[in-house]
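A.B. asks: Input structure: start27.txt, which contains compact mmCIF, C-alpha atoms.
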# COMPACT_ATOMS: atom_id res chain seq x y z
CA MET A 1 0.00 0.00 0.00
CA ALA A 2 2.74 2.41 0.99
CA VAL A 3 4.65 1.55 -2.19
CA ARG A 4 1.57 2.24 -4.28
CA GLN A 5 1.17 5.64 -2.57
CA LEU A 6 4.82 6.41 -3.19
CA ILE A 7 4.45 5.57 -6.90
CA LEU A 8 1.35 7.75 -7.11
CA LEU A 9 3.19 10.62 -5.42
CA PHE A 10 6.13 10.22 -7.80
CA LEU A 11 3.80 10.28 -10.82
CA LEU A 12 2.05 13.39 -9.52
CA VAL A 13 5.33 15.23 -8.96
CA ALA A 14 6.68 14.11 -12.33
CA SER A 15 3.55 15.30 -14.14
CA GLY A 16 3.81 18.60 -12.28
CA CYS A 17 7.37 19.00 -13.55
CA ARG A 18 6.27 18.28 -17.10
CA GLN A 19 3.50 20.86 -16.70
CA GLU A 20 6.12 23.51 -15.84
CA GLU A 21 8.15 22.59 -18.93
CA LYS A 22 5.08 22.97 -21.15
CA THR A 23 4.73 26.68 -20.28
CA VAL A 24 7.10 27.46 -23.18
CA ASP A 25 5.60 26.49 -26.53
CA PRO A 26 7.70 24.38 -28.94
CA GLY A 27 7.90 27.20 -31.51
CA GLN A 28 9.29 29.52 -28.87
CA GLU A 29 11.79 26.87 -27.72
CA GLN A 30 12.99 26.55 -31.31
CA ARG A 31 13.37 30.32 -31.71
CA PHE A 32 15.17 30.53 -28.36
CA ALA A 33 17.58 27.77 -29.44
CA LEU A 34 18.41 29.63 -32.66
CA LEU A 35 18.85 32.89 -30.77
CA ARG A 36 21.08 31.17 -28.21
CA GLU A 37 23.42 29.99 -30.98
CA HIS A 38 23.48 33.51 -32.43
CA LEU A 39 24.27 35.00 -29.02
CA LYS A 40 27.04 32.47 -28.40
CA ARG A 41 28.66 33.60 -31.63
CA GLN A 42 28.21 37.27 -30.74
CA LEU A 43 29.54 37.02 -27.20
CA GLY A 44 32.25 34.40 -27.74
CA ASP A 45 34.21 33.73 -24.55
CA LYS A 46 32.07 36.19 -22.61
CA TYR A 47 28.90 34.12 -23.10
CA GLU A 48 29.26 32.27 -19.81
CA ALA A 49 30.85 35.10 -17.78
CA PRO A 50 28.97 35.49 -14.48
CA VAL A 51 27.26 38.71 -13.44
CA PRO A 52 28.17 39.87 -9.89
CA ALA A 53 25.68 40.11 -7.03
CA ALA A 54 23.40 43.15 -6.93
CA SER A 55 23.62 45.99 -4.43
CA PRO A 56 20.40 47.30 -2.84
CA ASP A 57 20.77 50.53 -4.85
CA GLN A 58 21.05 48.60 -8.12
CA LEU A 59 17.93 46.59 -7.29
CA LYS A 60 16.03 49.77 -6.42
CA ARG A 61 17.10 51.48 -9.64
CA GLY A 62 16.39 48.33 -11.66
CA GLY A 63 12.92 48.07 -10.16
CA GLU A 64 12.11 51.70 -11.01
CA LEU A 65 13.24 51.28 -14.61
CA PHE A 66 11.51 47.91 -14.93
CA ALA A 67 8.20 49.56 -13.97
CA LYS A 68 8.74 52.23 -16.65
CA VAL A 69 9.98 50.28 -19.64
CA CYS A 70 9.31 46.56 -19.08
CA ALA A 71 6.19 46.05 -16.97
CA ALA A 72 3.58 46.92 -19.62
CA CYS A 73 4.55 43.76 -21.53
CA HIS A 74 6.26 41.54 -18.94
CA GLY A 75 3.86 42.37 -16.10
CA GLY A 76 4.47 44.11 -12.79
CA ARG A 77 6.00 40.97 -11.28
CA GLY A 78 7.63 39.79 -14.51
CA GLU A 79 5.17 36.96 -15.10
CA GLY A 80 4.80 37.91 -18.80
CA LYS A 81 1.21 39.10 -18.47
CA GLY A 82 1.32 42.89 -18.62
CA HIS A 83 -1.68 44.78 -20.00
CA VAL A 84 -0.01 45.05 -23.42
CA ALA A 85 0.88 41.34 -23.43
CA THR A 86 -2.63 40.16 -24.20
CA ALA A 87 -2.64 42.25 -27.38
CA LEU A 88 0.79 41.17 -28.64
CA ALA A 89 1.05 38.37 -31.19
CA GLY A 90 3.95 36.72 -29.35
CA THR A 91 3.97 36.01 -25.63
CA PRO A 92 6.43 38.10 -23.63
CA THR A 93 8.97 36.04 -21.72
CA ASN A 94 7.89 34.98 -18.25
CA LEU A 95 10.79 36.41 -16.29
CA THR A 96 9.86 34.52 -13.14
CA SER A 97 10.28 31.10 -14.78
CA PRO A 98 13.57 29.30 -14.04
CA HIS A 99 12.92 27.21 -17.13
CA GLU A 100 12.74 30.24 -19.44
CA ALA A 101 15.73 31.87 -17.71
CA SER A 102 17.79 28.72 -18.22
CA PHE A 103 17.67 29.09 -22.02
CA PHE A 104 20.31 31.82 -21.99
CA SER A 105 23.40 32.71 -19.99
CA GLU A 106 23.40 35.82 -17.84
CA GLN A 107 25.50 37.71 -20.41
CA ALA A 108 23.07 36.66 -23.13
CA ARG A 109 20.12 38.04 -21.18
CA LEU A 110 21.98 41.32 -20.67
CA TYR A 111 22.66 41.37 -24.41
CA ILE A 112 18.94 40.93 -25.17
CA ILE A 113 18.10 43.92 -22.98
CA ARG A 114 20.76 45.93 -24.83
CA LYS A 115 19.97 44.85 -28.39
CA GLY A 116 16.43 43.49 -28.27
CA MET A 117 15.03 40.24 -29.61
CA PRO A 118 14.82 40.27 -33.43
CA GLY A 119 11.38 39.73 -34.94
CA THR A 120 9.56 40.48 -31.70
CA ALA A 121 8.24 43.61 -29.99
CA MET A 122 11.19 43.39 -27.55
CA MET A 123 13.24 46.52 -28.27
CA GLY A 124 16.93 46.92 -27.52
CA TRP A 125 17.47 49.62 -24.90
CA GLU A 126 21.12 50.55 -25.47
CA ASP A 127 20.20 53.82 -27.22
CA VAL A 128 18.04 54.90 -24.29
CA LEU A 129 19.62 53.52 -21.13
CA THR A 130 23.18 53.69 -19.85
CA GLU A 131 25.12 50.45 -19.37
CA GLN A 132 24.69 50.81 -15.59
CA ASP A 133 20.92 51.11 -16.02
CA ILE A 134 20.79 48.06 -18.28
CA LEU A 135 22.76 46.11 -15.67
CA ALA A 136 20.39 47.35 -12.93
CA ILE A 137 17.36 46.13 -14.92
CA TYR A 138 19.02 42.76 -15.46
CA LEU A 139 19.84 42.39 -11.76
CA TYR A 140 16.26 43.26 -10.85
CA ILE A 141 14.91 40.76 -13.40
CA ARG A 142 17.25 38.10 -12.02
CA SER A 143 15.77 38.70 -8.58
CA LEU A 144 12.29 37.90 -9.96
CA ILE A 145 13.09 34.28 -10.86
CA GLN A 146 11.08 31.99 -8.62
CA TYR A 147 13.20 28.93 -7.93
CA GLU A 148 11.29 26.17 -6.18
CA MET B 1 -63.56 50.61 -30.63
CA GLN B 2 -62.04 54.08 -31.12
CA ASN B 3 -59.93 53.50 -28.04
CA LYS B 4 -58.65 50.16 -29.41
CA LEU B 5 -57.70 51.74 -32.72
CA THR B 6 -55.83 54.50 -30.96
CA GLN B 7 -53.98 51.96 -28.83
CA SER B 8 -53.03 49.89 -31.91
CA ALA B 9 -51.83 52.97 -33.75
CA ALA B 10 -49.78 53.99 -30.71
CA LYS B 11 -48.20 50.50 -30.53
CA LEU B 12 -47.41 50.60 -34.24
CA LEU B 13 -45.86 54.04 -33.93
CA PHE B 14 -43.82 52.86 -30.94
CA ALA B 15 -42.55 49.83 -32.90
CA VAL B 16 -41.60 52.02 -35.86
CA ALA B 17 -39.84 54.45 -33.57
CA VAL B 18 -37.90 51.64 -31.89
CA LEU B 19 -36.90 50.17 -35.24
CA ALA B 20 -35.89 53.58 -36.54
CA GLY B 21 -33.86 54.09 -33.38
CA CYS B 22 -32.09 50.79 -33.86
CA GLN B 23 -31.41 51.63 -37.47
CA SER B 24 -29.94 54.96 -36.51
CA ARG B 25 -27.71 53.46 -33.79
CA ASP B 26 -26.50 50.79 -36.18
CA SER B 27 -25.26 53.34 -38.68
CA SER B 28 -23.68 55.68 -36.15
CA PHE B 29 -19.99 55.78 -35.35
CA LYS B 30 -18.46 54.03 -32.36
CA GLY B 31 -15.65 56.56 -32.08
CA THR B 32 -15.97 60.19 -31.06
CA GLU B 33 -17.00 62.37 -33.97
CA LEU B 34 -14.78 65.41 -34.49
CA PRO B 35 -15.76 68.78 -35.92
CA GLU B 36 -15.28 68.16 -39.63
CA ARG B 37 -12.29 69.89 -41.14
CA GLU B 38 -9.92 69.11 -43.91
CA PHE B 39 -6.48 68.24 -42.70
CA LYS B 40 -3.57 70.34 -43.91
CA ASP B 41 -1.49 68.35 -46.34
CA PHE B 42 2.01 67.21 -45.42
CA THR B 43 4.92 65.28 -46.85
CA LEU B 44 7.14 63.10 -44.64
CA THR B 45 9.55 60.19 -45.15
CA ASP B 46 8.31 56.61 -44.79
CA GLN B 47 10.15 53.57 -43.40
CA ASN B 48 11.53 52.76 -46.87
CA GLY B 49 13.04 56.22 -47.26
CA GLN B 50 10.30 57.25 -49.75
CA ARG B 51 8.45 60.54 -49.53
CA PHE B 52 4.82 60.16 -48.44
CA THR B 53 2.23 62.88 -49.11
CA LEU B 54 -1.11 62.63 -47.35
CA GLY B 55 -2.89 64.51 -50.14
CA GLU B 56 -1.97 61.79 -52.60
CA GLN B 57 -3.88 59.18 -50.61
CA GLU B 58 -7.30 60.46 -51.70
CA GLY B 59 -9.95 57.78 -51.90
CA LYS B 60 -8.61 55.91 -48.90
CA VAL B 61 -9.70 55.88 -45.28
CA THR B 62 -6.69 56.77 -43.14
CA LEU B 63 -6.02 55.66 -39.57
CA MET B 64 -3.44 57.86 -37.91
CA PHE B 65 -1.50 57.49 -34.68
CA PHE B 66 1.40 59.41 -33.18
CA GLY B 67 3.90 57.24 -31.33
CA PHE B 68 7.54 56.16 -31.09
CA THR B 69 9.42 52.91 -31.30
CA TYR B 70 10.80 53.01 -27.74
CA CYS B 71 7.29 53.52 -26.35
CA PRO B 72 6.83 50.77 -23.78
CA ASP B 73 3.04 50.72 -23.48
CA VAL B 74 0.40 52.62 -25.50
CA CYS B 75 2.17 52.39 -28.87
CA PRO B 76 2.65 48.60 -29.01
CA LEU B 77 -0.88 48.29 -27.64
CA THR B 78 -2.21 50.47 -30.48
CA LEU B 79 -0.17 48.64 -33.12
CA SER B 80 -1.51 45.32 -31.84
CA THR B 81 -5.04 46.71 -32.11
CA TRP B 82 -4.30 47.89 -35.65
CA LYS B 83 -3.00 44.44 -36.52
CA LYS B 84 -6.33 42.93 -35.43
CA VAL B 85 -8.22 45.63 -37.37
CA ARG B 86 -6.15 45.00 -40.51
CA GLU B 87 -6.71 41.25 -40.26
CA SER B 88 -10.48 41.77 -39.85
CA LEU B 89 -10.75 43.67 -43.13
CA THR B 90 -11.30 41.89 -46.42
CA GLU B 91 -8.49 42.33 -48.95
CA ASP B 92 -10.82 44.53 -51.00
CA GLU B 93 -11.46 46.78 -47.98
CA ALA B 94 -7.79 46.80 -46.99
CA GLN B 95 -6.88 48.23 -50.42
CA LYS B 96 -8.89 51.32 -49.44
CA VAL B 97 -7.47 51.79 -45.94
CA GLU B 98 -4.13 53.14 -44.77
CA PHE B 99 -2.53 52.81 -41.35
CA VAL B 100 -0.21 55.77 -40.79
CA TYR B 101 2.09 55.86 -37.75
CA ILE B 102 3.86 59.21 -37.28
CA THR B 103 6.77 59.40 -34.91
CA VAL B 104 6.87 61.83 -31.99
CA ASP B 105 10.57 60.99 -31.60
CA PRO B 106 12.29 61.95 -34.87
CA GLU B 107 15.69 62.18 -33.15
CA ARG B 108 15.80 58.40 -32.65
CA ASP B 109 13.16 57.03 -35.03
CA THR B 110 15.05 56.65 -38.28
CA PRO B 111 13.28 55.04 -41.25
CA GLU B 112 15.29 51.85 -40.57
CA LYS B 113 14.19 51.72 -36.95
CA LEU B 114 10.54 52.34 -37.89
CA LYS B 115 10.75 49.63 -40.53
CA ALA B 116 12.06 46.98 -38.14
CA HIS B 117 9.51 47.93 -35.48
CA LEU B 118 6.42 48.08 -37.70
CA ALA B 119 7.33 44.83 -39.48
CA VAL B 120 6.72 43.03 -36.17
CA PHE B 121 3.06 44.06 -36.39
CA HIS B 122 2.08 44.30 -40.08
CA PRO B 123 4.00 45.00 -43.30
CA ASP B 124 1.22 47.28 -44.60
CA PHE B 125 1.62 49.82 -41.80
CA ILE B 126 3.26 53.05 -42.90
CA GLY B 127 5.76 54.64 -40.50
CA LEU B 128 6.59 58.30 -41.03
CA THR B 129 9.41 60.45 -39.78
CA GLY B 130 10.96 63.74 -40.85
CA THR B 131 12.82 66.80 -39.71
CA GLN B 132 11.54 68.94 -36.84
CA GLU B 133 10.53 71.58 -39.44
CA GLU B 134 8.46 69.01 -41.33
CA LEU B 135 6.89 67.44 -38.26
CA GLN B 136 6.08 70.52 -36.19
CA PRO B 137 3.16 71.67 -38.41
CA VAL B 138 1.79 68.11 -38.40
CA TYR B 139 1.84 67.97 -34.58
CA ALA B 140 0.24 71.42 -34.46
CA GLY B 141 -2.39 70.44 -37.03
CA TYR B 142 -3.58 67.54 -34.90
CA GLY B 143 -3.00 69.21 -31.55
CA VAL B 144 -0.47 66.55 -30.63
CA TYR B 145 1.14 66.99 -27.23
CA ARG B 146 4.66 65.57 -26.81
CA GLU B 147 7.07 65.99 -23.94
CA LYS B 148 10.32 64.21 -23.15
CA ASP B 149 10.53 62.25 -19.91
CA GLN B 150 14.22 61.82 -19.03
CA ILE B 151 14.73 58.40 -17.45
CA SER B 152 18.47 57.85 -17.83
CA ASP B 153 21.63 59.99 -17.83
CA SER B 154 22.51 59.56 -21.50
CA ALA B 155 21.59 62.25 -24.05
CA THR B 156 19.04 59.92 -25.61
CA GLY B 157 17.85 58.52 -22.27
CA TYR B 158 14.24 59.57 -22.48
CA LEU B 159 10.73 58.35 -23.15
CA VAL B 160 8.10 60.63 -24.71
CA ASN B 161 4.77 61.40 -23.10
CA HIS B 162 2.38 62.04 -25.97
CA THR B 163 -1.18 62.23 -27.24
CA ALA B 164 -2.34 58.68 -27.77
CA SER B 165 -5.59 58.87 -29.74
CA ILE B 166 -6.24 57.06 -33.01
CA TYR B 167 -7.61 59.43 -35.67
CA LEU B 168 -9.70 58.41 -38.66
CA LEU B 169 -9.86 60.45 -41.85
CA ASP B 170 -12.52 59.73 -44.43
CA ARG B 171 -11.89 59.05 -48.12
CA ASN B 172 -11.96 62.78 -48.87
CA GLY B 173 -9.26 63.59 -46.32
CA ILE B 174 -11.73 64.97 -43.80
CA TRP B 175 -10.75 64.50 -40.17
CA LYS B 176 -13.79 62.56 -38.89
CA LEU B 177 -13.28 60.47 -35.79
CA LYS B 178 -11.16 59.78 -32.74
CA HIS B 179 -10.75 56.49 -30.87
CA SER B 180 -8.87 55.95 -27.63
CA ASN B 181 -5.73 53.81 -27.84
CA ASP B 182 -7.48 50.97 -25.99
CA ALA B 183 -10.48 50.94 -28.35
CA ARG B 184 -11.92 47.57 -29.32
CA PRO B 185 -10.69 46.47 -32.77
CA GLU B 186 -14.27 45.61 -33.81
CA ASP B 187 -15.39 49.18 -33.07
CA ILE B 188 -12.66 50.58 -35.30
CA VAL B 189 -13.53 48.08 -38.06
CA HIS B 190 -17.18 49.14 -37.74
CA ASP B 191 -16.25 52.80 -38.25
CA ILE B 192 -13.90 52.05 -41.16
CA ARG B 193 -16.72 50.21 -42.93
CA LEU B 194 -19.05 53.17 -42.43
CA LEU B 195 -16.42 55.57 -43.75
CA LEU B 196 -15.86 53.36 -46.79
CA LYS B 197 -19.54 53.90 -47.70
CA TYR B 198 -19.13 57.69 -47.95
Show this structure as structure tokens.
C.D. replies:
Amino acid sequence: MAVRQLILLFLLVASGCRQEEKTVDPGQEQRFALLREHLKRQLGDKYEAPVPAASPDQLKRGGELFAKVCAACHGGRGEGKGHVATALAGTPTNLTSPHEASFFSEQARLYIIRKGMPGTAMMGWEDVLTEQDILAIYLYIRSLIQYE
Amino acid sequence: MQNKLTQSAAKLLFAVAVLAGCQSRDSSFKGTELPEREFKDFTLTDQNGQRFTLGEQEGKVTLMFFGFTYCPDVCPLTLSTWKKVRESLTEDEAQKVEFVYITVDPERDTPEKLKAHLAVFHPDFIGLTGTQEELQPVYAGYGVYREKDQISDSATGYLVNHTASIYLLDRNGIWKLKHSNDARPEDIVHDIRLLLKY
């Protein structure tokens, strides 16, 4: 009896994990994979370089800028469901998802904020924001990831 | 007997009035009607680097919006609404409609930048930019408010607060209607179809 319950529990947990993986559609996964290869070529050795820990001031600044330039699409908590998101053809990235975050390295995610994501409504912000501001946004976004 | 006839006539009149009312509502615009006036002609540069003159678009219904590519909220929302509007029109109707997006940020919105941005939404959308001298009379003509909101230390570190209405011009270039940027696509389609009948 106990074994049967254990198997049932395992199956439930496993199906829950699969459910999480399904939040990214296959088309998006394919586009992400292509973009990841492009970013690896662009960044070369820097692709895997880590990004240092955030200071409280950076998180505060990042949060302020996130509310101004990101939240309409990505949602106030980064869940990808801002008020503009429902109208967009593509789904904005769910910034709270560890699965979606795991597609790219930290430097790659910084690069996307700088240069944008081609073929989507995601603009590159390097002409508007300073490098420090882009880093602050990234650090804030990183703090939104909800690891189990 | 007389009383019954009067009552029947009253009911009939009431039914006719209701039907007439429905008819009238059905043919009325969903957007806000503007005092009719012809819009002053202008020539700007489109996203392909070609000159675009409004006066040469006679015979088409024109949707017009003032926005900028770095706009993080109302502009992508409007362009998404336009995309739904465009996709709701038949190809025959679409031939007689133009979607014109005029930048309020000519310093950063080059034709190339407009082209890349608008292509995300629909290839038929026309993006216009120009010099300050060319754009200023256009902003003034539509009463467009625009003000920079500095958000970062760099020289180009700003957003632009701006008028965010969608304007509709009829096929004779008369400024007819205004919709809010969060208007329902079906309401805009309804008004386009009415304007196409003029």
A.B. asks: Which residues are close to segment 129-132 of chain B, i.e. within 8 Å by all atoms listed in the file, leaving aside same-chain residues fewer than 3 positions away? Reply as a compact mmCIF listing (two decimals) with C-alpha atoms, in the frame of the given file.
C.D. replies:
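Dumped everything to result.txt:
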# COMPACT_ATOMS: atom_id res chain seq x y z
CA LEU B 44 7.14 63.10 -44.64
CA THR B 45 9.55 60.19 -45.15
CA ASP B 46 8.31 56.61 -44.79
CA GLN B 47 10.15 53.57 -43.40
CA ILE B 102 3.86 59.21 -37.28
CA THR B 103 6.77 59.40 -34.91
CA PRO B 106 12.29 61.95 -34.87
CA ASP B 109 13.16 57.03 -35.03
CA THR B 110 15.05 56.65 -38.28
CA PRO B 111 13.28 55.04 -41.25
CA LEU B 135 6.89 67.44 -38.26
CA GLN B 136 6.08 70.52 -36.19
A.B. asks: Calculated over all atoms listed in the file, which of the candidates A:Tyr147, A:Cys73, A:Thr120, A:Lys115 has the smallest distance to His99 of chain A?
C.D. replies: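 The shortest atom-to-atom distance to His99 of chain A comes from A:Tyr147.
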A.B. asks: What would the list of residues within 12 Å of (-16.7, 45.6, -36.7) (file frame) look like as a VMD selection string, if only C-alpha atoms are what count?
C.D. replies: chain B and resid 26 to 27 29 to 31 84 to 90 183 to 194
A.B. asks: Pick from B:Asn48, B:Thr43, B:Thr156, B:Thr163: nearest to chain A, with only C-alpha atoms counted?
C.D. replies: B:Thr156
A.B. asks: Given a cut-off of 6 Å, which residues of chain B touch chain A, counting all atoms listed in the file, written out as a list in words?
C.D. replies: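 The selection requested is Pro72, Asp73, Leu77, Ser80, Val120, Ser152, Thr156 and Gly157 of chain B.
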A.B. asks: Find the residues near Ile112 of chain A: any atom within 12 Å, counting only C-alpha atoms, skip ones fewer than 3 places away on the same chain, and give them as a list in words.
C.D. replies: Phe32, Leu35, Arg36, His38, Leu39, Gln42, Leu43, Thr93, Phe104, Ser105, Glu106, Gln107, Ala108, Arg109, Lys115, Gly116, Met117, Pro118, Thr120, Met122, Met123, Gly124, Trp125, Glu126, Ile134, Leu135, Ile137 and Tyr138 of chain A
A.B. asks: One decimal, Å: what's the distance from atom CA of Leu195 of chain B over to atom CA of Leu128 of chain B, could you say?
C.D. replies: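 So the two atoms, atom CA of Leu195 of chain B and atom CA of Leu128 of chain B, lie 23.3 Å apart.
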A.B. asks: Pick from A:Leu139, A:Ile145, A:Ala33, A:Val51: nearest to Phe66 of chain A, with all atoms listed in the file counted?
C.D. replies: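 Closest residue, counting all atoms listed in the file: A:Leu139.
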A.B. asks: Which residues, written as a list in words, have at least one atom at most 9 Å from Lys178 of chain B, with only C-alpha atoms counted and residues fewer than 5 positions away on the same chain left out?
C.D. replies: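 Result of the neighbour search: Gly31, Thr32, Glu33, Leu34, Ser165, Ile166, Tyr167 and Leu168 of chain B.
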A.B. asks: Which residue out of B:Lys83, B:Lys96, B:His122, B:Lys176 has the minimum interatomic distance to Gly59 of chain B when all atoms listed in the file are used?
C.D. replies: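 Smallest distance to Gly59 of chain B is found for B:Lys96.
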A.B. asks: What gap, in Å, lies between atom CA of Trp82 of chain B and atom CA of Pro26 of chain A?
C.D. replies: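 Atom CA of Trp82 of chain B sits 27.2 Å away from atom CA of Pro26 of chain A.
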A.B. asks: How many Å lie between atom CA of Phe65 of chain B and atom CA of Asn94 of chain A, rounded to one decimal?
C.D. replies: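 These two atoms are separated by 29.4 Å.
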A.B. asks: Extract, using only C-alpha atoms, all DNA, RNA and protein residues at most 12 Å from Pro56 of chain A, discarding same-chain residues fewer than 3 positions from it, and format them as a list in words.
C.D. replies: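 Here the answer would be Ala53, Leu59, Lys60, Arg61, Gly62, Gly63, Ala136, Leu139, Tyr140 and Ser143 of chain A.
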A.B. asks: For the selection you just gave me, I'd like the residues written to a file as a short mmCIF file (atom, residue, chain, number, x, y, z; two decimals), in the coordinates of the input, keeping C-alpha atoms.
C.D. replies:
data_model
loop_
_atom_site.label_atom_id
_atom_site.label_comp_id
_atom_site.auth_asym_id
_atom_site.auth_seq_id
_atom_site.Cartn_x
_atom_site.Cartn_y
_atom_site.Cartn_z
CA ALA A 53 25.68 40.11 -7.03
CA LEU A 59 17.93 46.59 -7.29
CA LYS A 60 16.03 49.77 -6.42
CA ARG A 61 17.10 51.48 -9.64
CA GLY A 62 16.39 48.33 -11.66
CA GLY A 63 12.92 48.07 -10.16
CA ALA A 136 20.39 47.35 -12.93
CA LEU A 139 19.84 42.39 -11.76
CA TYR A 140 16.26 43.26 -10.85
CA SER A 143 15.77 38.70 -8.58
#
A.B. asks: Return the single residue from B:Asp41, B:Asp182, B:Glu91, B:Glu98 that is closest to Thr62 of chain B, with distances computed using all atoms listed in the file.
C.D. replies: B:Glu98
A.B. asks: Nearest residue to Ala164 of chain B out of B:Val97, B:Leu54, B:Val138, B:Val144, using all atoms listed in the file?
C.D. replies: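 Nearest candidate to Ala164 of chain B out of B:Val97, B:Leu54, B:Val138, B:Val144: B:Val144.
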